[in-house]
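**Student:** Okay, handing you the structure first.
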Amino acid sequence: MTGIVDADSVTKRYGEVLGLNGFTASFPPGITGLVGPNGAGKSTLFRLLSGQLRSDAGTLSLLGFPAWGQGEFRRRVGYCPEQSALFDWMTGFDFVATLLRVDGFSRPEARVRAARAIETVGLTDARDRRLKAYSKGMRQRIKLAQCIAHDPELILLDEPLNGVDPVGRVALSGLMRQLSTTGHHLIVSSHVLYEVERLTEQIVMISHGQAIAQGDLHRIRDLIDSRPHMVDLETPDPRGVARLIGAWDHIVSIEFTGPEKLRVLTRSPDTFYAALPALVVTEKLTIRSVHSADDNLDAVFRYLAGGGR
Amino acid sequence: MSIAAPRYGGAPVARTGRIYRLLTIFHRELLRRFGLGTMLVVALTYLAVTLILTINIEFASLTGTLSLSTFETPYASPAWPFLMLIVATSVGAGSIAEDVGNRSITLYLSRPIRRVDYLAAKASATGTWMVIVAVGPGLAGLAVALALGWAPASLVLSGAGAFVATGLLASVFFTGLALALSSLTTRSLYAGVATFGVVLSLEIGGPLVSGLTGNTSVAYASPITDILSVAQSAFGISGPYATDPLTSAALLAFAGAFLVIFAGWRISRVEVVGE
C-alpha cells in the first residue's frame with residue numbers, strides 16, 4: 001500500500017472491547033471521508049494516527065512513518081481532535097500561537113500564523129476571549145485553526161463539523177475543499193453521511209472496527225451491486241405486480257410496505273431495471289414511481305454494515 | 001465568516017529547536033498555576049519566613065549571638081515544609097492528571113515533541129514553583145537582613161548556600177512526588193489528596209513505627225524529618241539529628257529523581273482513550 005495513510009490489519013483493544021478489529025485501508029491523496037456510526041472506531045483510528053494510542057497488532061503508517069511516536073514528521077500533520085477540552089485558561093489567540101510554538105515556530109511567526117488561521121475560521125472577533133467562554137461551535141473552529149495554522153501536509157479532522165451551526169458548516173466544508181485543492185491531504189471523519197458525501201467521493205467505511213468498504217462512491221456502489229438491492233415501487237395493484245416480478249429468479253423478497261407500495265429486494269438491479277419497463281408494457285401495468293432506496297450514501301452504508309441484509 | 005484557506009508562500013520557515021518547544025510548554029504551565037490559592041500560600045510563606053528570620057537575626061545581632069545557626073529558625077518546625085507540600089499539591093498534582101483527564105494532552109502529543117520533553121516541561125514548571133516557595137523565602141529574609149545591616153555579607157552568603165541546598169532538595173522531592181502521583185490518575189483531586197496523604201502518613205507513621213519498634217531507621221521514611229535534619233546540618237547545628245543528614249539528603253534526592261523517572265515511564269505509556 002502506498003497511500004498517505006496505510007493501515008494493515010490494525011487492531012486496538014480497550015480491555016475486552018475491540019476499538020479496531022483488523023482494520024485495513026489505504027487513504028489516497030486528497031480528501032477522504034472516514035464514515036461510520038458512533039462507536040465504529042473512527043476516533044480510535046484518529047488517536048492511533050495522532051500518536052496517542054499504540055496499536056496492539058498490525059501496522060499503521062502516515063506519510064511513510066509509523067503512527068506511534070512523536071517524531072519530527074508530526075509537524076507535517078495537523079490534528080483536530082473530537083473532544084472539546086482545550087486549554088481553557090488561554091485565549092483563542094494564545095492557544096493557537098502556543099501550539100504553533102510547540103510546532104517549532106518562532107514567537108513572531110507564531111503570532112502571524114495564529115492571527116491568519118483564526119481569521120480563516122472566522123473567529124477574529126473572539127480571538128482575545130478565553131476558551132472557556134467559547135461555545136461548542138467556536139471550539140470546533142478554534143480546533144480547526146490550530147490544526148491548519150502550521151500548514152500541514154496531512155490534516156486529520158475528527159468530526160470537525162459536529163456542533164457547528166449550518167452557516168458555519170457550509171463555510172468550513174468550503175475551507176476543507178479549498179485546502180484539498182492547495183496540496184493538502186485531508187481525512188475527515190463523520191457519522192453524518194451527507195456531510196461527507198458533499199465533501200468527497202473518496203470514502204472509507206468503517207463499522208465494528210473494520211473497513212467494510214473503500215474507494216470512490218461509484219466503486220462502493222459497484223460493490224453492492226452484487227448484493228441484494230432495495231427498490232420501492234408504487235402501484236395501484238401491488239399484488240398483481242408482486243405476482244409477476246416474483247417469478248424472476250433474481251428477486252430475493254417482496255414486501256408490501258403500504259396499500260399501494262411494494263419493496264423489492266433483487267440480486268441483480270441492472271436486470272431488474274431493464275426488465276421492468278418491458279413488463280409494464282406487456283402486462284399493461286400501472287407503476288406510479290420507482291425509487292431505489294439505495295440512492296444515498298446512508299443506504300449504502302446500511303447495506304454494507306448490515307452485510308447486505 | 002471567511003472561508004479562504006490561509007496561504008503560506010515564500011521560503012520555508014526555519015523551525016526552532018527542541019529546547020524552545022519545551023520552554024513553550026514550561027512557560028504555559030508556569031502561568032497556568034497562578035491561582036489565587038497558590039499565590040496566597042506563597043505570599044504567606046514569604047511573609048512568615050522573612051519575619052521569623054529577620055526578627056531572629058536582629059535579636060541575635062543585638063545580643064551578639066549571630067551565627068549561621070541563627071538562620072535555621074524557619075526550619076525549627078515542620079511548618080515551612082508543610083507549606084511547600086501545600087504548594088506542591090496545588091501546582092503539581094494537576095500537572096499531568098488534568099491534561100490526561102480532559103484529554104487536552106492530545107494537543108501536545110500530536111505535535112513534534114517527545115513525551116519526555118512534555119514531562120521535562122511539566123517537571124520544570126512544578127520545580128520552579130517549588131524553588132519559589134522552598135528557596136525564595138529564605139533568600140528574601142537574608143536579603144532584608146543584609147539590607148538593614150543586621151548581618152555581615154559573608155555570613156549571609158553562607159546562609160544563602162544553606163537555604164539553596166536545603167530548598168533544592170525539598171523541591172526535588174516534592175516535585176517528583178507530585179508528578180508521579182499526578183501521572184497515576186486522571187483526576188487532579190485524587191493526585192492532590194494522594195500527595196498530601198502520602199507525606200502526612202509518612203510524617204505521622206514514621207515516628208510512630210519507629211517508637212513502637214525501636215527501629216530508628218524508620219524515621220528516614222518521613223520526608224519532612226529528612227528535610228529538617230538536612231537543614232539543621234546545613235546551618236551548622238551540631239545535633240543530635242533525628243536522621244543522619246547526609247543519608248537524608250541522599251534519600252530526598254534519590255526519591256525525587258526516582259519519582260520523576262517513574263512519572264516519565266508512566267507518560268511514555270499514556271494512551272489517550274475516548275469517552
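So you can find residues: chains in the C-alpha cells are A, B, ... in the order shown, residues in each start at 1, and ligands are numbered from 1 in order.
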Near stretch 139-146 of chain A, counting only C-alpha atoms, which residues have an atom at most 7 Å away, once you skip same-chain residues fewer than 3 positions from it, shown as a list in words?
**Tutor:**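 What passes the distance filter is Cys80, Ser84, Gly92, Val96, Leu99, Ala117, Ile118, Val121, Tyr134, Ser135, Lys136, Ala149, Pro160 and Val164 of chain A.
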**Student:** Compute the set of chain A residues within 8 Å of chain B, using only C-alpha atoms, and express it as an MDAnalysis selection string.
**Tutor:** chainID A and resid 43:44 47 50:54 69:75 78:79 81 83 85:87 89 98:99 101:106 116:117 119:122 149 151 168 171:172 174:175 178:179
**Student:** Quick one: residues within 7 Å of stretch 66-81 of chain B, only C-alpha atoms, excluding same-chain residues fewer than 4 positions away - as a list in words?
**Tutor:** Val49, Ile52, Leu53, Asn56, Ile57, Ala60, Ser61, Leu85, Leu155, Gly159, Ile224, Leu228, Ala231, Gln232, Phe235, Gly236 and Ile237 of chain B
**Student:** Restrict the selected residues to all heavy atoms and save them as a tab-separated table (two decimals), in the first residue's frame.
**Tutor:**
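What follows is the written file part16.tsv:
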```tsv
chain	number	residue	atom	x	y	z
B	49	VAL	N	8.38	33.38	56.73
B	49	VAL	CA	9.81	33.06	56.79
B	49	VAL	C	10.63	34.34	56.94
B	49	VAL	O	11.56	34.41	57.76
B	49	VAL	CB	10.24	32.26	55.53
B	49	VAL	CG1	11.76	32.13	55.47
B	49	VAL	CG2	9.60	30.89	55.53
B	52	ILE	N	10.14	35.73	60.57
B	52	ILE	CA	10.82	34.89	61.57
B	52	ILE	C	12.33	35.08	61.47
B	52	ILE	O	13.03	35.26	62.46
B	52	ILE	CB	10.44	33.40	61.38
B	52	ILE	CG1	8.98	33.18	61.77
B	52	ILE	CG2	11.35	32.48	62.19
B	52	ILE	CD1	8.42	31.84	61.34
B	53	LEU	N	12.79	35.06	60.23
B	53	LEU	CA	14.24	35.15	60.00
B	53	LEU	C	14.79	36.51	60.42
B	53	LEU	O	15.77	36.59	61.19
B	53	LEU	CB	14.52	34.90	58.51
B	53	LEU	CG	15.93	34.50	58.12
B	53	LEU	CD1	16.40	33.28	58.90
B	53	LEU	CD2	15.98	34.19	56.62
B	56	ASN	N	14.71	37.10	64.25
B	56	ASN	CA	15.76	36.33	64.93
B	56	ASN	C	17.15	36.88	64.66
B	56	ASN	O	17.99	36.91	65.54
B	56	ASN	CB	15.68	34.86	64.50
B	56	ASN	CG	14.73	34.08	65.38
B	56	ASN	OD1	15.06	33.72	66.51
B	56	ASN	ND2	13.54	33.84	64.87
B	57	ILE	N	17.36	37.29	63.41
B	57	ILE	CA	18.67	37.86	63.07
B	57	ILE	C	18.91	39.15	63.86
B	57	ILE	O	19.99	39.36	64.43
B	57	ILE	CB	18.77	38.12	61.54
B	57	ILE	CG1	18.83	36.79	60.78
B	57	ILE	CG2	20.02	38.95	61.22
B	57	ILE	CD1	18.73	36.92	59.28
B	60	ALA	N	19.56	38.24	67.51
B	60	ALA	CA	20.90	37.65	67.68
B	60	ALA	C	21.98	38.70	67.48
B	60	ALA	O	23.03	38.68	68.15
B	60	ALA	CB	21.07	36.50	66.68
B	61	SER	N	21.70	39.61	66.55
B	61	SER	CA	22.66	40.67	66.28
B	61	SER	C	22.82	41.57	67.51
B	61	SER	O	23.93	41.96	67.88
B	61	SER	CB	22.18	41.47	65.08
B	61	SER	OG	23.06	42.51	64.81
B	85	LEU	N	4.57	21.57	50.89
B	85	LEU	CA	3.70	20.46	50.50
B	85	LEU	C	2.40	20.98	49.90
B	85	LEU	O	1.91	20.45	48.89
B	85	LEU	CB	3.42	19.58	51.72
B	85	LEU	CG	2.38	18.47	51.53
B	85	LEU	CD1	2.83	17.47	50.47
B	85	LEU	CD2	2.14	17.74	52.86
B	155	LEU	N	28.45	36.04	56.19
B	155	LEU	CA	27.55	35.12	56.89
B	155	LEU	C	26.26	34.93	56.10
B	155	LEU	O	25.73	33.80	56.00
B	155	LEU	CB	27.23	35.67	58.28
B	155	LEU	CG	26.64	34.68	59.29
B	155	LEU	CD1	27.59	33.52	59.55
B	155	LEU	CD2	26.30	35.38	60.60
B	159	GLY	N	24.63	31.50	54.68
B	159	GLY	CA	23.22	31.19	54.95
B	159	GLY	C	22.45	30.94	53.66
B	159	GLY	O	21.64	30.02	53.57
B	224	ILE	N	9.65	15.04	55.73
B	224	ILE	CA	9.80	16.32	56.43
B	224	ILE	C	10.89	16.22	57.49
B	224	ILE	O	11.70	17.15	57.67
B	224	ILE	CB	8.44	16.78	57.01
B	224	ILE	CG1	7.53	17.16	55.83
B	224	ILE	CG2	8.61	17.96	57.96
B	224	ILE	CD1	6.16	17.64	56.20
B	228	LEU	N	14.25	18.54	57.66
B	228	LEU	CA	14.66	19.26	58.87
B	228	LEU	C	16.08	18.86	59.29
B	228	LEU	O	16.88	19.70	59.72
B	228	LEU	CB	13.66	19.03	60.00
B	228	LEU	CG	12.24	19.57	59.75
B	228	LEU	CD1	11.34	19.34	60.95
B	228	LEU	CD2	12.26	21.05	59.40
B	231	ALA	N	18.48	20.53	56.97
B	231	ALA	CA	18.55	21.96	57.29
B	231	ALA	C	19.42	22.20	58.51
B	231	ALA	O	20.28	23.09	58.51
B	231	ALA	CB	17.13	22.50	57.50
B	232	GLN	N	19.20	21.40	59.55
B	232	GLN	CA	20.00	21.58	60.78
B	232	GLN	C	21.48	21.45	60.48
B	232	GLN	O	22.30	22.26	60.93
B	232	GLN	CB	19.58	20.53	61.82
B	232	GLN	CG	18.24	20.84	62.46
B	232	GLN	CD	17.79	19.74	63.42
B	232	GLN	OE1	18.21	18.58	63.30
B	232	GLN	NE2	16.94	20.09	64.36
B	235	PHE	N	22.88	24.38	58.34
B	235	PHE	CA	23.04	25.64	59.07
B	235	PHE	C	23.98	25.50	60.27
B	235	PHE	O	24.04	26.38	61.14
B	235	PHE	CB	21.68	26.17	59.53
B	235	PHE	CG	20.85	26.72	58.40
B	235	PHE	CD1	19.81	25.98	57.84
B	235	PHE	CD2	21.13	27.97	57.85
B	235	PHE	CE1	19.06	26.48	56.79
B	235	PHE	CE2	20.38	28.47	56.79
B	235	PHE	CZ	19.35	27.73	56.25
B	236	GLY	N	24.70	24.39	60.29
B	236	GLY	CA	25.78	24.23	61.26
B	236	GLY	C	25.35	23.88	62.67
B	236	GLY	O	26.10	24.07	63.62
B	237	ILE	N	24.15	23.38	62.82
B	237	ILE	CA	23.71	22.94	64.16
B	237	ILE	C	24.32	21.57	64.42
B	237	ILE	O	24.28	20.68	63.56
B	237	ILE	CB	22.17	22.91	64.24
B	237	ILE	CG1	21.66	24.35	64.21
B	237	ILE	CG2	21.68	22.20	65.50
B	237	ILE	CD1	20.18	24.50	64.14
```
**Student:** Residues of stretch 13-208 of chain B in helix (DSSP H, G or I) according to DSSP, as a ChimeraX atom specification?
**Tutor:** /B:18-32,36-63,68-75,79-101,105-109,115-134,136-147,153-182,188-208
**Student:** Would you pick out the contacts of A:Gly41 at 9 Å or less, using only C-alpha atoms, so that residues sharing its chain but fewer than 2 positions from it are not included, and give the list as a ChimeraX atom specification?
**Tutor:** /A:18-21,36-39,43-46,206-210
**Student:** Those selected residues, please, written with N, CA and C atoms and delivered as a PDB file, in the first residue's frame.
**Tutor:**
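And here is the file that came out, result.pdb:
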```
ATOM      1  N   LEU A  18     -13.067  -4.217  21.543  1.00  0.00           N
ATOM      2  CA  LEU A  18     -12.224  -4.002  20.365  1.00  0.00           C
ATOM      3  C   LEU A  18     -12.531  -2.637  19.765  1.00  0.00           C
ATOM      4  N   GLY A  19     -11.530  -1.753  19.785  1.00  0.00           N
ATOM      5  CA  GLY A  19     -11.701  -0.442  19.158  1.00  0.00           C
ATOM      6  C   GLY A  19     -11.542  -0.569  17.661  1.00  0.00           C
ATOM      7  N   LEU A  20     -10.490  -1.239  17.251  1.00  0.00           N
ATOM      8  CA  LEU A  20     -10.291  -1.570  15.837  1.00  0.00           C
ATOM      9  C   LEU A  20     -10.032  -3.072  15.755  1.00  0.00           C
ATOM     10  N   ASN A  21     -10.577  -3.664  14.722  1.00  0.00           N
ATOM     11  CA  ASN A  21     -10.514  -5.112  14.619  1.00  0.00           C
ATOM     12  C   ASN A  21      -9.973  -5.513  13.244  1.00  0.00           C
ATOM     13  N   GLY A  36     -18.682   6.247   9.415  1.00  0.00           N
ATOM     14  CA  GLY A  36     -19.168   5.127  10.216  1.00  0.00           C
ATOM     15  C   GLY A  36     -19.995   5.656  11.363  1.00  0.00           C
ATOM     16  N   PRO A  37     -20.802   4.798  11.937  1.00  0.00           N
ATOM     17  CA  PRO A  37     -21.644   5.266  13.047  1.00  0.00           C
ATOM     18  C   PRO A  37     -20.811   5.497  14.307  1.00  0.00           C
ATOM     19  N   ASN A  38     -21.412   6.093  15.310  1.00  0.00           N
ATOM     20  CA  ASN A  38     -20.716   6.282  16.577  1.00  0.00           C
ATOM     21  C   ASN A  38     -20.288   4.930  17.132  1.00  0.00           C
ATOM     22  N   GLY A  39     -19.058   4.868  17.606  1.00  0.00           N
ATOM     23  CA  GLY A  39     -18.561   3.623  18.182  1.00  0.00           C
ATOM     24  C   GLY A  39     -17.974   2.682  17.150  1.00  0.00           C
ATOM     25  N   SER A  43     -12.672   7.418  15.906  1.00  0.00           N
ATOM     26  CA  SER A  43     -11.799   8.189  16.802  1.00  0.00           C
ATOM     27  C   SER A  43     -10.603   7.360  17.251  1.00  0.00           C
ATOM     28  N   THR A  44     -10.805   6.055  17.393  1.00  0.00           N
ATOM     29  CA  THR A  44      -9.672   5.184  17.743  1.00  0.00           C
ATOM     30  C   THR A  44      -8.614   5.264  16.655  1.00  0.00           C
ATOM     31  N   LEU A  45      -9.053   5.211  15.396  1.00  0.00           N
ATOM     32  CA  LEU A  45      -8.109   5.300  14.286  1.00  0.00           C
ATOM     33  C   LEU A  45      -7.383   6.649  14.310  1.00  0.00           C
ATOM     34  N   PHE A  46      -8.126   7.719  14.576  1.00  0.00           N
ATOM     35  CA  PHE A  46      -7.506   9.049  14.613  1.00  0.00           C
ATOM     36  C   PHE A  46      -6.510   9.154  15.766  1.00  0.00           C
ATOM     37  N   ILE A 206     -16.302   2.410   7.836  1.00  0.00           N
ATOM     38  CA  ILE A 206     -15.842   1.634   8.973  1.00  0.00           C
ATOM     39  C   ILE A 206     -17.042   1.227   9.828  1.00  0.00           C
ATOM     40  N   SER A 207     -16.998   0.006  10.262  1.00  0.00           N
ATOM     41  CA  SER A 207     -18.048  -0.492  11.153  1.00  0.00           C
ATOM     42  C   SER A 207     -17.460  -1.581  12.020  1.00  0.00           C
ATOM     43  N   HIS A 208     -17.767  -1.521  13.298  1.00  0.00           N
ATOM     44  CA  HIS A 208     -17.241  -2.504  14.253  1.00  0.00           C
ATOM     45  C   HIS A 208     -15.737  -2.668  14.145  1.00  0.00           C
ATOM     46  N   GLY A 209     -15.043  -1.565  13.924  1.00  0.00           N
ATOM     47  CA  GLY A 209     -13.579  -1.582  13.907  1.00  0.00           C
ATOM     48  C   GLY A 209     -12.969  -2.128  12.639  1.00  0.00           C
ATOM     49  N   GLN A 210     -13.783  -2.355  11.624  1.00  0.00           N
ATOM     50  CA  GLN A 210     -13.239  -2.897  10.373  1.00  0.00           C
ATOM     51  C   GLN A 210     -13.621  -1.983   9.209  1.00  0.00           C
TER      52      GLN A 210
END
```
**Student:** What lies within 12 Å of A:Val280 using only C-alpha atoms, ignoring chain neighbours under 3 positions off, as number ranges by chain?
**Tutor:** A: 235, 237, 240-241, 244-245, 273-277, 283-288
**Student:** Write down as a list in words the residues of stretch 138-186 of chain A whose backbone DSSP state falls under strand (DSSP E or B).
**Tutor:**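 Matching residues, listed in order: Leu154, Ile155, Leu156, Leu157, Asp158, His185 and Leu186 of chain A.
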**Student:** Could you state the separation of atom CA of B:Ala140 and atom CA of B:Ser124 in Å, given to one decimal place?
**Tutor:** 21.8 Å
**Student:** What is the distance between atom CA of B:Ala153 and atom CA of B:Gly136, in Å to one decimal?
**Tutor:**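 Between atom CA of B:Ala153 and atom CA of B:Gly136 the gap is 17.6 Å.
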**Student:** Kindly indicate which residue among A:Leu60, A:Leu233, A:Ala211, A:Met176 lies nearest to A:Arg198, using only C-alpha atoms for the distances.
**Tutor:** A:Met176
**Student:** Would you mind reading off the distance between atom CA of B:Leu189 and atom CA of B:Asp226, one decimal, in Å?
**Tutor:**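 Between these atoms lies a distance of 26.5 Å.
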**Student:** Using only C-alpha atoms, which protein or nucleic acid residues come within 8 Å of B:Val87? Drop anything in the same chain fewer than 4 positions from it, and give the result as a ChimeraX atom specification.
**Tutor:** /B:38,41-42,83,91-92,129-130,133
**Student:** Save the residues we just selected, N, CA and C atoms, as a PDB file, in the first residue's frame?
**Tutor:**
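Wrote it out as selection_22.pdb, contents follow:
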```
ATOM      1  N   THR B  38      -2.828  29.360  45.428  1.00  0.00           N
ATOM      2  CA  THR B  38      -1.379  29.133  45.402  1.00  0.00           C
ATOM      3  C   THR B  38      -0.636  30.409  45.775  1.00  0.00           C
ATOM      4  N   VAL B  41      -0.743  31.081  49.512  1.00  0.00           N
ATOM      5  CA  VAL B  41       0.178  30.229  50.282  1.00  0.00           C
ATOM      6  C   VAL B  41       1.614  30.711  50.089  1.00  0.00           C
ATOM      7  N   VAL B  42       1.952  31.046  48.852  1.00  0.00           N
ATOM      8  CA  VAL B  42       3.308  31.530  48.577  1.00  0.00           C
ATOM      9  C   VAL B  42       3.565  32.836  49.333  1.00  0.00           C
ATOM     10  N   LEU B  83       4.083  24.012  54.211  1.00  0.00           N
ATOM     11  CA  LEU B  83       3.652  24.996  53.205  1.00  0.00           C
ATOM     12  C   LEU B  83       4.164  24.598  51.820  1.00  0.00           C
ATOM     13  N   VAL B  91       0.169  22.975  42.723  1.00  0.00           N
ATOM     14  CA  VAL B  91       0.673  23.189  41.354  1.00  0.00           C
ATOM     15  C   VAL B  91       1.052  21.891  40.637  1.00  0.00           C
ATOM     16  N   GLY B  92       1.415  20.875  41.400  1.00  0.00           N
ATOM     17  CA  GLY B  92       1.940  19.671  40.753  1.00  0.00           C
ATOM     18  C   GLY B  92       0.927  18.570  40.537  1.00  0.00           C
ATOM     19  N   TRP B 129       8.050  26.404  40.695  1.00  0.00           N
ATOM     20  CA  TRP B 129       7.152  26.828  41.782  1.00  0.00           C
ATOM     21  C   TRP B 129       7.702  26.386  43.140  1.00  0.00           C
ATOM     22  N   MET B 130       8.248  25.170  43.168  1.00  0.00           N
ATOM     23  CA  MET B 130       8.777  24.658  44.442  1.00  0.00           C
ATOM     24  C   MET B 130       9.994  25.466  44.885  1.00  0.00           C
ATOM     25  N   VAL B 133       8.959  28.648  46.441  1.00  0.00           N
ATOM     26  CA  VAL B 133       8.429  28.572  47.809  1.00  0.00           C
ATOM     27  C   VAL B 133       9.427  27.936  48.789  1.00  0.00           C
TER      28      VAL B 133
END
```
